[in-house]
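Structure below is coords22.cif: mmCIF, C-alpha atoms (C1' of nucleotides).
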```
data_work
loop_
_atom_site.label_atom_id
_atom_site.label_comp_id
_atom_site.auth_asym_id
_atom_site.auth_seq_id
_atom_site.Cartn_x
_atom_site.Cartn_y
_atom_site.Cartn_z
CA MET F 1 -6.48 30.05 68.78
CA THR F 2 -10.21 29.43 68.46
CA GLU F 3 -12.23 27.19 70.72
CA ALA F 4 -12.68 24.75 67.83
CA GLU F 5 -8.94 24.56 67.28
CA ALA F 6 -8.33 24.03 70.98
CA LEU F 7 -10.91 21.24 71.05
CA ALA F 8 -9.32 19.59 68.03
CA SER F 9 -5.88 19.71 69.64
CA LEU F 10 -7.18 18.46 72.98
CA SER F 11 -8.99 15.48 71.50
CA THR F 12 -5.95 14.65 69.45
CA LEU F 13 -3.80 14.68 72.57
CA ALA F 14 -6.34 12.61 74.48
CA HIS F 15 -5.25 9.23 73.18
CA ALA F 16 -2.52 7.02 74.60
CA THR F 17 -0.96 6.02 71.29
CA ARG F 18 -0.78 9.60 70.09
CA LEU F 19 0.52 10.97 73.37
CA ARG F 20 3.29 8.36 73.33
CA MET F 21 4.17 9.19 69.77
CA LEU F 22 4.39 12.81 70.76
CA LYS F 23 6.73 12.01 73.62
CA ALA F 24 8.95 10.02 71.29
CA LEU F 25 9.01 12.97 68.91
CA VAL F 26 9.97 15.33 71.72
CA VAL F 27 12.98 13.19 72.50
CA ALA F 28 13.81 12.92 68.81
CA ALA F 29 13.47 16.64 68.12
CA PRO F 30 14.43 18.39 65.99
CA GLU F 31 15.40 15.58 63.57
CA GLY F 32 12.14 13.69 63.90
CA LEU F 33 11.31 10.05 63.35
CA THR F 34 10.02 8.02 60.44
CA ALA F 35 6.54 6.54 60.49
CA GLY F 36 8.00 3.08 60.83
CA THR F 37 10.20 3.99 63.77
CA LEU F 38 7.28 5.66 65.48
CA ALA F 39 5.06 2.65 64.89
CA HIS F 40 7.68 0.45 66.49
CA ALA F 41 8.21 2.89 69.37
CA VAL F 42 4.56 2.70 70.39
CA ASP F 43 4.06 -0.91 69.37
CA ALA F 44 1.49 -0.20 66.69
CA THR F 45 0.85 -1.71 63.27
CA PRO F 46 1.87 0.47 60.32
CA SER F 47 -1.74 1.16 59.50
CA ARG F 48 -2.64 2.15 63.04
CA ALA F 49 0.42 4.37 63.32
CA SER F 50 -0.39 6.03 60.04
CA PHE F 51 -3.95 6.67 61.18
CA HIS F 52 -2.82 8.41 64.35
CA LEU F 53 -0.03 10.33 62.65
CA SER F 54 -2.54 11.68 60.14
CA LYS F 55 -4.72 12.88 62.97
CA MET F 56 -1.82 14.62 64.63
CA ALA F 57 -0.72 16.25 61.41
CA GLU F 58 -4.28 17.37 60.75
CA ALA F 59 -4.39 18.98 64.18
CA GLY F 60 -1.06 20.65 63.48
CA LEU F 61 0.73 18.93 66.34
CA VAL F 62 3.29 17.42 63.98
CA THR F 63 4.64 18.14 60.53
CA PHE F 64 6.13 15.65 58.12
CA ASP F 65 8.07 15.40 54.93
CA ARG F 66 8.72 12.61 52.55
CA ALA F 67 12.26 11.61 51.59
CA ALA F 68 12.62 8.67 49.28
CA ARG F 69 10.11 6.19 50.61
CA GLU F 70 10.37 7.25 54.22
CA VAL F 71 8.14 9.83 55.83
CA THR F 72 9.69 11.75 58.69
CA TYR F 73 7.50 13.31 61.35
CA ARG F 74 8.54 16.17 63.60
CA ILE F 75 6.88 17.65 66.63
CA GLU F 76 5.46 21.14 66.35
CA PHE F 77 6.29 22.63 69.72
CA GLN F 78 4.40 25.83 69.01
CA ALA F 79 1.15 23.92 68.58
CA ILE F 80 1.47 22.44 72.02
CA GLY F 81 2.42 25.82 73.40
CA ALA F 82 -0.75 27.20 71.86
CA VAL F 83 -2.91 24.59 73.59
CA ILE F 84 -1.27 25.33 76.90
CA ARG F 85 -1.78 29.02 76.39
CA TYR F 86 -5.41 28.46 75.56
CA LEU F 87 -5.99 26.53 78.76
CA LEU F 88 -4.03 28.94 80.88
CA GLN F 89 -5.10 32.24 79.43
CA ASP F 90 -8.37 31.82 77.54
CA CYS F 91 -9.91 29.28 79.87
CA CYS F 92 -8.42 30.09 83.23
CA ALA F 93 -7.85 33.82 82.79
CA ASN F 94 -4.26 33.42 83.95
CA HIS F 95 -5.41 32.37 87.38
CA PRO F 96 -2.48 32.43 89.84
CA THR F 97 -3.22 28.94 91.16
CA VAL F 98 -2.94 27.50 87.68
CA ARG F 99 0.26 29.41 87.01
CA ALA F 100 1.71 28.22 90.29
CA CYS F 101 0.89 24.59 89.50
CA CYS F 102 3.08 24.63 86.45
CA ALA F 103 5.80 26.77 87.94
CA ILE F 104 4.99 29.81 85.89
CA ALA F 105 6.24 33.08 87.23
CA PRO F 106 3.28 35.41 87.96
CA LYS F 107 2.85 37.89 85.15
CA ASP F 108 2.55 41.60 86.13
CA MET Q 109 0.31 12.88 87.53
CA THR Q 110 0.25 9.58 85.64
CA GLU Q 111 -0.25 9.23 81.93
CA ALA Q 112 -3.65 7.69 82.56
CA GLU Q 113 -4.73 10.64 84.68
CA ALA Q 114 -3.49 13.07 82.05
CA LEU Q 115 -5.43 11.22 79.35
CA ALA Q 116 -8.56 11.27 81.47
CA SER Q 117 -8.27 15.01 82.04
CA LEU Q 118 -7.51 15.70 78.39
CA SER Q 119 -10.47 13.76 77.10
CA THR Q 120 -12.69 15.45 79.63
CA LEU Q 121 -11.51 18.84 78.45
CA ALA Q 122 -11.94 17.85 74.81
CA HIS Q 123 -15.65 18.53 74.60
CA ALA Q 124 -17.30 21.85 73.78
CA THR Q 125 -20.03 21.65 76.40
CA ARG Q 126 -17.58 20.80 79.14
CA LEU Q 127 -15.02 23.39 78.10
CA ARG Q 128 -17.73 26.04 78.15
CA MET Q 129 -18.90 24.94 81.55
CA LEU Q 130 -15.35 25.20 82.75
CA LYS Q 131 -15.03 28.74 81.43
CA ALA Q 132 -18.24 29.72 83.18
CA LEU Q 133 -16.86 28.25 86.39
CA VAL Q 134 -13.63 30.20 86.02
CA VAL Q 135 -15.60 33.44 85.85
CA ALA Q 136 -17.76 32.34 88.76
CA ALA Q 137 -14.84 31.27 90.96
CA PRO Q 138 -14.53 30.83 93.83
CA GLU Q 139 -18.27 30.81 94.63
CA GLY Q 140 -19.20 28.38 91.88
CA LEU Q 141 -22.47 27.82 90.05
CA THR Q 142 -25.41 25.49 90.51
CA ALA Q 143 -26.08 22.68 88.06
CA GLY Q 144 -29.13 24.52 86.79
CA THR Q 145 -27.28 27.77 86.20
CA LEU Q 146 -24.53 25.89 84.38
CA ALA Q 147 -27.04 24.06 82.24
CA HIS Q 148 -28.57 27.36 81.23
CA ALA Q 149 -25.16 28.94 80.65
CA VAL Q 150 -24.21 26.33 78.05
CA ASP Q 151 -27.71 25.81 76.73
CA ALA Q 152 -28.01 22.18 77.78
CA THR Q 153 -30.88 20.15 79.18
CA PRO Q 154 -30.60 19.32 82.90
CA SER Q 155 -29.84 15.71 82.09
CA ARG Q 156 -27.13 16.56 79.61
CA ALA Q 157 -25.57 19.07 81.96
CA SER Q 158 -25.58 16.56 84.79
CA PHE Q 159 -23.91 13.97 82.57
CA HIS Q 160 -21.06 16.31 81.69
CA LEU Q 161 -20.69 17.65 85.21
CA SER Q 162 -20.33 14.09 86.49
CA LYS Q 163 -17.57 13.48 84.00
CA MET Q 164 -15.76 16.61 85.08
CA ALA Q 165 -16.09 15.76 88.73
CA GLU Q 166 -14.87 12.24 88.05
CA ALA Q 167 -11.79 13.67 86.34
CA GLY Q 168 -11.25 15.99 89.28
CA LEU Q 169 -11.64 19.15 87.22
CA VAL Q 170 -14.50 20.36 89.40
CA THR Q 171 -15.78 19.75 92.89
CA PHE Q 172 -19.32 20.10 94.11
CA ASP Q 173 -21.40 20.23 97.21
CA ARG Q 174 -25.06 19.93 97.86
CA ALA Q 175 -26.92 22.62 99.77
CA ALA Q 176 -30.62 22.09 100.16
CA ARG Q 177 -31.71 20.85 96.77
CA GLU Q 178 -29.13 22.77 94.79
CA VAL Q 179 -25.77 21.37 93.81
CA THR Q 180 -22.98 23.91 93.47
CA TYR Q 181 -20.00 23.16 91.27
CA ARG Q 182 -16.62 24.84 91.59
CA ILE Q 183 -13.60 24.75 89.36
CA GLU Q 184 -10.49 22.96 90.61
CA PHE Q 185 -7.72 25.20 89.33
CA GLN Q 186 -5.01 22.85 90.52
CA ALA Q 187 -6.33 20.06 88.31
CA ILE Q 188 -5.97 22.23 85.25
CA GLY Q 189 -2.56 23.33 86.39
CA ALA Q 190 -1.60 19.68 86.66
CA VAL Q 191 -2.65 18.99 83.08
CA ILE Q 192 -0.68 21.96 81.85
CA ARG Q 193 2.32 20.85 83.83
CA TYR Q 194 2.04 17.37 82.38
CA LEU Q 195 2.04 18.69 78.83
CA LEU Q 196 4.80 21.16 79.46
CA GLN Q 197 7.12 19.12 81.62
CA ASP Q 198 6.38 15.41 81.19
CA CYS Q 199 5.57 15.56 77.50
CA CYS Q 200 7.64 18.43 76.20
CA ALA Q 201 10.55 18.27 78.65
CA ASN Q 202 10.18 21.97 79.35
CA HIS Q 203 11.10 22.82 75.82
CA PRO Q 204 11.86 26.56 75.51
CA THR Q 205 9.64 26.98 72.46
CA VAL Q 206 6.66 25.66 74.36
CA ARG Q 207 7.43 27.85 77.36
CA ALA Q 208 7.77 30.87 75.11
CA CYS Q 209 4.41 30.20 73.45
CA CYS Q 210 2.57 30.55 76.71
CA ALA Q 211 4.70 33.35 78.09
CA ILE Q 212 6.33 31.22 80.71
CA ALA Q 213 9.55 32.55 82.11
CA PRO Q 214 12.37 30.10 81.32
CA LYS Q 215 13.19 28.05 84.37
CA ASP Q 216 16.96 27.89 84.85
"C1'" DC G 217 -48.98 14.68 103.12
"C1'" DT G 218 -49.15 16.64 98.81
"C1'" DT G 219 -47.04 19.32 95.56
"C1'" DC G 220 -43.26 21.55 93.37
"C1'" DC G 221 -38.57 22.20 92.09
"C1'" DA G 222 -33.51 20.97 91.29
"C1'" DT G 223 -30.98 17.41 90.08
"C1'" DT G 224 -29.69 12.83 88.92
"C1'" DT G 225 -30.35 8.20 86.95
"C1'" DC G 226 -31.54 5.03 83.50
"C1'" DA G 227 -32.15 2.62 79.03
"C1'" DA G 228 -32.35 3.10 74.27
"C1'" DA G 229 -30.82 5.33 70.15
"C1'" DA G 230 -27.53 7.92 67.72
"C1'" DG G 231 -23.08 9.41 66.83
"C1'" DT G 232 -18.09 9.16 66.75
"C1'" DG G 233 -13.67 7.19 66.86
"C1'" DC G 234 -10.57 3.14 66.79
"C1'" DT G 235 -8.75 -1.22 65.12
"C1'" DT G 236 -8.03 -4.70 61.73
"C1'" DG G 237 -6.35 -6.78 57.66
"C1'" DA G 238 -6.20 -6.52 52.84
"C1'" DA G 239 -5.24 -3.75 49.00
"C1'" DT G 240 -2.74 0.19 47.04
"C1'" DT G 241 0.90 3.59 46.02
"C1'" DA G 242 5.43 4.70 45.58
"C1'" DT G 243 10.36 3.97 45.90
"C1'" DG G 244 14.50 1.46 45.82
"C1'" DT G 245 17.17 -3.03 44.66
"C1'" DC G 246 18.47 -7.33 42.29
"C1'" DG S 247 10.91 -6.30 34.80
"C1'" DA S 248 10.36 -8.72 39.22
"C1'" DC S 249 10.68 -8.19 43.91
"C1'" DA S 250 11.10 -6.14 48.53
"C1'" DT S 251 10.21 -2.25 51.57
"C1'" DA S 252 7.84 2.12 53.63
"C1'" DA S 253 3.85 4.00 54.15
"C1'" DT S 254 -1.00 5.04 53.27
"C1'" DT S 255 -5.85 4.02 52.12
"C1'" DC S 256 -10.06 1.65 52.51
"C1'" DA S 257 -14.11 -0.83 54.28
"C1'" DA S 258 -15.87 -3.54 57.90
"C1'" DG S 259 -16.58 -4.38 62.53
"C1'" DC S 260 -16.14 -3.10 67.25
"C1'" DA S 261 -16.11 -0.01 71.16
"C1'" DC S 262 -16.93 4.07 73.40
"C1'" DT S 263 -19.30 8.46 74.12
"C1'" DT S 264 -23.15 11.43 73.78
"C1'" DT S 265 -27.94 12.59 73.44
"C1'" DT S 266 -32.68 12.00 74.50
"C1'" DG S 267 -36.76 11.67 77.17
"C1'" DA S 268 -38.91 9.47 80.92
"C1'" DA S 269 -38.67 8.13 85.58
"C1'" DA S 270 -36.67 8.47 90.15
"C1'" DT S 271 -34.54 10.96 94.20
"C1'" DG S 272 -34.45 14.26 97.69
"C1'" DG S 273 -35.53 18.55 99.78
"C1'" DA S 274 -38.61 22.73 100.59
"C1'" DA S 275 -43.12 24.92 100.92
"C1'" DG S 276 -48.06 25.21 101.17
#
```
Structure re-expressed in structure tokens:
Amino acid sequence: MTEAEALASLSTLAHATRLRMLKALVVAAPEGLTAGTLAHAVDATPSRASFHLSKMAEAGLVTFDRAAREVTYRIEFQAIGAVIRYLLQDCCANHPTVRACCAIAPKD
Amino acid sequence: MTEAEALASLSTLAHATRLRMLKALVVAAPEGLTAGTLAHAVDATPSRASFHLSKMAEAGLVTFDRAAREVTYRIEFQAIGAVIRYLLQDCCANHPTVRACCAIAPKD
DNA sequence: CTTCCATTTCAAAAGTGCTTGAATTATGTC
DNA sequence: GACATAATTCAAGCACTTTTGAAATGGAAG
């Protein structure tokens, strides 16, 4: 993961509406949720929800597919794993304090 | 860590200048670096560097202390660990795929 | 006490991102 | 075909963040 990709993911995560959508998608994994359900879950207008969902899809944090007239979004767990790895490994050089904070067993 | 704190940390991390400063501080840990050295390291004017360092300190990602007329900044590894933990545990409910992505040993 | 250096502060300008509501696309139903 | 529903797109306005350069602060040295 490049620095630019990490920055894109981080700024996508750094918004309350999007973070809440993500949490709802975690709970709803792996089936996912429709745009409308997500909008309702975070109390957003359809247009606002669509805006934020586009941003998340663009950053690769979610995927979606269209069935009939509903669009179902699903969380992309690997994308979040990649951000975490970037912070832990590329930024913090696997520092033991950081690993300890998130209950990660020390590696080698 | 509250959602609001997580959002504050994430948006602080989501900026190239700040992320680069953070990386420099990781390498320079635990001694830290002066504001001037950091400014030079990321190719920023003193005023710009100071602006970003304030933001990072405000978010708790770095600490600083003044000695003579130099201000030394140090990385706060625990703060980054807390962000990672928030993403991994509070957001992703410790999902195995996320843990696997960042080489985290599964936790029972 | 004057000067120099490291850093911060400030106000204005520029840039970026978000929200809003209306219009649009596309699908299903009567 | 007319209508309702799910979702997206668009343009305008608003809000927030960043940059810039000048001025201020505070400490050290001649």
Q.
Need to verify the contact set: Ala201 of chain Q, 9 Å, all atoms listed in the file, exclusion of same-chain residues closer than 4 positions in sequence. Can you return it as a ChimeraX atom specification?
A. /F:23,26-27 /Q:195-197
Q: Grab the atom CA of Thr125 of chain Q to atom CA of Thr2 of chain F distance for me, in Å with one decimal place.
A: 14.8 Å
With 9 Å as the cut-off and only C-alpha atoms (C1' of nucleotides) counted, what is the closest atom pair between each nearby residue of chain Q and chain S? Distances in Å to one decimal, ordered by chain and number, as JSON lines.
```
{"residue": "Q:Ser155", "atom": "CA", "partner": "S:DT266", "partner_atom": "C1'", "distance": 8.9}
{"residue": "Q:Arg156", "atom": "CA", "partner": "S:DT265", "partner_atom": "C1'", "distance": 7.4}
{"residue": "Q:Ala176", "atom": "CA", "partner": "S:DG273", "partner_atom": "C1'", "distance": 6.1}
{"residue": "Q:Arg177", "atom": "CA", "partner": "S:DG273", "partner_atom": "C1'", "distance": 5.4}
```
Q.
Around (-4.6, 7.9, 72.4), as given in the file, which residues come within 12 Å? Count all atoms listed in the file and list them as a VMD selection string.
A. (chain F and resid 10 to 22 42 44 48 to 49 51 to 53 55 to 56) or (chain Q and resid 111 to 112 114 to 116 118 to 119) or (chain G and resid 233 to 234)
Q | Neighbours of chain F in chain G at 10 Å, counting all atoms listed in the file, as a ChimeraX atom specification | A | /G:234-237,242-244
(Q) Give me, as a list in words, all polymer residues having an atom no more than 10 Å from Ala143 of chain Q, counting all atoms listed in the file and skipping those fewer than 3 positions away in the same chain. (A)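 Close residues of Ala143 of chain Q: Met129, Gly140, Leu146, Ala147, His148, Ala149, Pro154, Ser155, Ala157, Ser158, Leu161, Phe172, Glu178, Val179, Thr180 and Tyr181 of chain Q; DA222 and DT223 of chain G.
If you look at atom CA of Pro204 of chain Q and atom CA of Ala57 of chain F, they are 21.5 Å away from each other.
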Q: Using atom CA of Cys200 of chain Q and atom CA of Asp65 of chain F as the two end points, give the distance in Å to one decimal.
A: 21.5 Å
Q: Could you tell me which of F:Leu25, F:Glu31, F:Leu61, F:Ser54 comes closest to Val83 of chain F if we count all atoms listed in the file?
A: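 Ranking F:Leu25, F:Glu31, F:Leu61, F:Ser54 by distance to Val83 of chain F, first place goes to F:Leu61.
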(Q) With distances taken over all atoms listed in the file, which residue among F:Gly36, F:Ser9, F:Arg74, F:Thr63 lies nearest chain Q? (A)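 Using all atoms listed in the file, the shortest distance to chain Q belongs to F:Ser9.
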Q.
From the options F:Ala103, F:Asp43, F:His95, F:Gly81, which residue's atoms come nearest to chain Q, counting all atoms listed in the file?
A. F:Gly81
Using the atoms already present, construct N, CA and C atoms for segment 129-165 of chain Q and hand them back as a CSV table (one decimal), in the frame of the given file.
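Below you can see out.csv, which holds the result:
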```csv
chain,number,residue,atom,x,y,z
Q,129,MET,N,-18.5,25.0,80.1
Q,129,MET,CA,-18.9,24.9,81.6
Q,129,MET,C,-17.7,25.4,82.4
Q,130,LEU,N,-16.5,24.9,82.0
Q,130,LEU,CA,-15.4,25.2,82.8
Q,130,LEU,C,-15.1,26.7,82.7
Q,131,LYS,N,-15.3,27.3,81.5
Q,131,LYS,CA,-15.0,28.7,81.4
Q,131,LYS,C,-16.0,29.5,82.3
Q,132,ALA,N,-17.2,29.0,82.3
Q,132,ALA,CA,-18.2,29.7,83.2
Q,132,ALA,C,-17.8,29.6,84.6
Q,133,LEU,N,-17.3,28.5,85.0
Q,133,LEU,CA,-16.9,28.2,86.4
Q,133,LEU,C,-15.6,29.1,86.8
Q,134,VAL,N,-14.8,29.3,85.8
Q,134,VAL,CA,-13.6,30.2,86.0
Q,134,VAL,C,-14.1,31.6,86.4
Q,135,VAL,N,-15.1,32.1,85.6
Q,135,VAL,CA,-15.6,33.4,85.8
Q,135,VAL,C,-16.3,33.5,87.2
Q,136,ALA,N,-17.0,32.4,87.5
Q,136,ALA,CA,-17.8,32.3,88.8
Q,136,ALA,C,-17.0,31.9,90.0
Q,137,ALA,N,-15.7,31.7,89.8
Q,137,ALA,CA,-14.8,31.3,91.0
Q,137,ALA,C,-14.7,32.4,91.9
Q,138,PRO,N,-14.5,32.2,93.2
Q,138,PRO,CA,-14.5,30.8,93.8
Q,138,PRO,C,-15.9,30.4,94.3
Q,139,GLU,N,-17.0,31.2,94.1
Q,139,GLU,CA,-18.3,30.8,94.6
Q,139,GLU,C,-18.8,29.6,94.0
Q,140,GLY,N,-18.6,29.5,92.6
Q,140,GLY,CA,-19.2,28.4,91.9
Q,140,GLY,C,-20.6,28.7,91.3
Q,141,LEU,N,-21.1,27.7,90.7
Q,141,LEU,CA,-22.5,27.8,90.0
Q,141,LEU,C,-23.3,26.5,90.3
Q,142,THR,N,-24.6,26.7,90.3
Q,142,THR,CA,-25.4,25.5,90.5
Q,142,THR,C,-25.5,24.8,89.2
Q,143,ALA,N,-25.9,23.5,89.3
Q,143,ALA,CA,-26.1,22.7,88.1
Q,143,ALA,C,-27.1,23.4,87.1
Q,144,GLY,N,-28.1,23.9,87.6
Q,144,GLY,CA,-29.1,24.5,86.8
Q,144,GLY,C,-28.6,25.7,86.1
Q,145,THR,N,-27.9,26.6,86.8
Q,145,THR,CA,-27.3,27.8,86.2
Q,145,THR,C,-26.3,27.4,85.1
Q,146,LEU,N,-25.5,26.4,85.4
Q,146,LEU,CA,-24.5,25.9,84.4
Q,146,LEU,C,-25.2,25.4,83.1
Q,147,ALA,N,-26.3,24.6,83.4
Q,147,ALA,CA,-27.0,24.1,82.2
Q,147,ALA,C,-27.5,25.2,81.3
Q,148,HIS,N,-28.1,26.2,82.0
Q,148,HIS,CA,-28.6,27.4,81.2
Q,148,HIS,C,-27.4,28.1,80.5
Q,149,ALA,N,-26.3,28.2,81.2
Q,149,ALA,CA,-25.2,28.9,80.6
Q,149,ALA,C,-24.6,28.3,79.4
Q,150,VAL,N,-24.7,27.0,79.2
Q,150,VAL,CA,-24.2,26.3,78.0
Q,150,VAL,C,-25.3,25.8,77.2
Q,151,ASP,N,-26.6,26.2,77.5
Q,151,ASP,CA,-27.7,25.8,76.7
Q,151,ASP,C,-27.9,24.3,76.6
Q,152,ALA,N,-27.9,23.6,77.8
Q,152,ALA,CA,-28.0,22.2,77.8
Q,152,ALA,C,-29.2,21.8,78.6
Q,153,THR,N,-29.8,20.7,78.3
Q,153,THR,CA,-30.9,20.2,79.2
Q,153,THR,C,-30.3,19.7,80.5
Q,154,PRO,N,-31.1,19.7,81.6
Q,154,PRO,CA,-30.6,19.3,82.9
Q,154,PRO,C,-29.9,18.0,82.9
Q,155,SER,N,-30.4,17.0,82.1
Q,155,SER,CA,-29.8,15.7,82.1
Q,155,SER,C,-28.5,15.7,81.4
Q,156,ARG,N,-28.4,16.5,80.3
Q,156,ARG,CA,-27.1,16.6,79.6
Q,156,ARG,C,-26.1,17.3,80.5
Q,157,ALA,N,-26.5,18.3,81.1
Q,157,ALA,CA,-25.6,19.1,82.0
Q,157,ALA,C,-25.1,18.2,83.1
Q,158,SER,N,-26.0,17.4,83.7
Q,158,SER,CA,-25.6,16.6,84.8
Q,158,SER,C,-24.6,15.5,84.3
Q,159,PHE,N,-24.8,15.0,83.1
Q,159,PHE,CA,-23.9,14.0,82.6
Q,159,PHE,C,-22.5,14.5,82.5
Q,160,HIS,N,-22.4,15.7,81.9
Q,160,HIS,CA,-21.1,16.3,81.7
Q,160,HIS,C,-20.4,16.7,83.0
Q,161,LEU,N,-21.2,17.2,83.9
Q,161,LEU,CA,-20.7,17.6,85.2
Q,161,LEU,C,-20.2,16.4,86.0
Q,162,SER,N,-20.8,15.3,85.8
Q,162,SER,CA,-20.3,14.1,86.5
Q,162,SER,C,-19.0,13.7,85.9
Q,163,LYS,N,-18.8,13.8,84.6
Q,163,LYS,CA,-17.6,13.5,84.0
Q,163,LYS,C,-16.5,14.4,84.5
Q,164,MET,N,-16.8,15.7,84.6
Q,164,MET,CA,-15.8,16.6,85.1
Q,164,MET,C,-15.4,16.4,86.5
Q,165,ALA,N,-16.4,16.0,87.3
Q,165,ALA,CA,-16.1,15.8,88.7
Q,165,ALA,C,-15.2,14.5,88.8
```
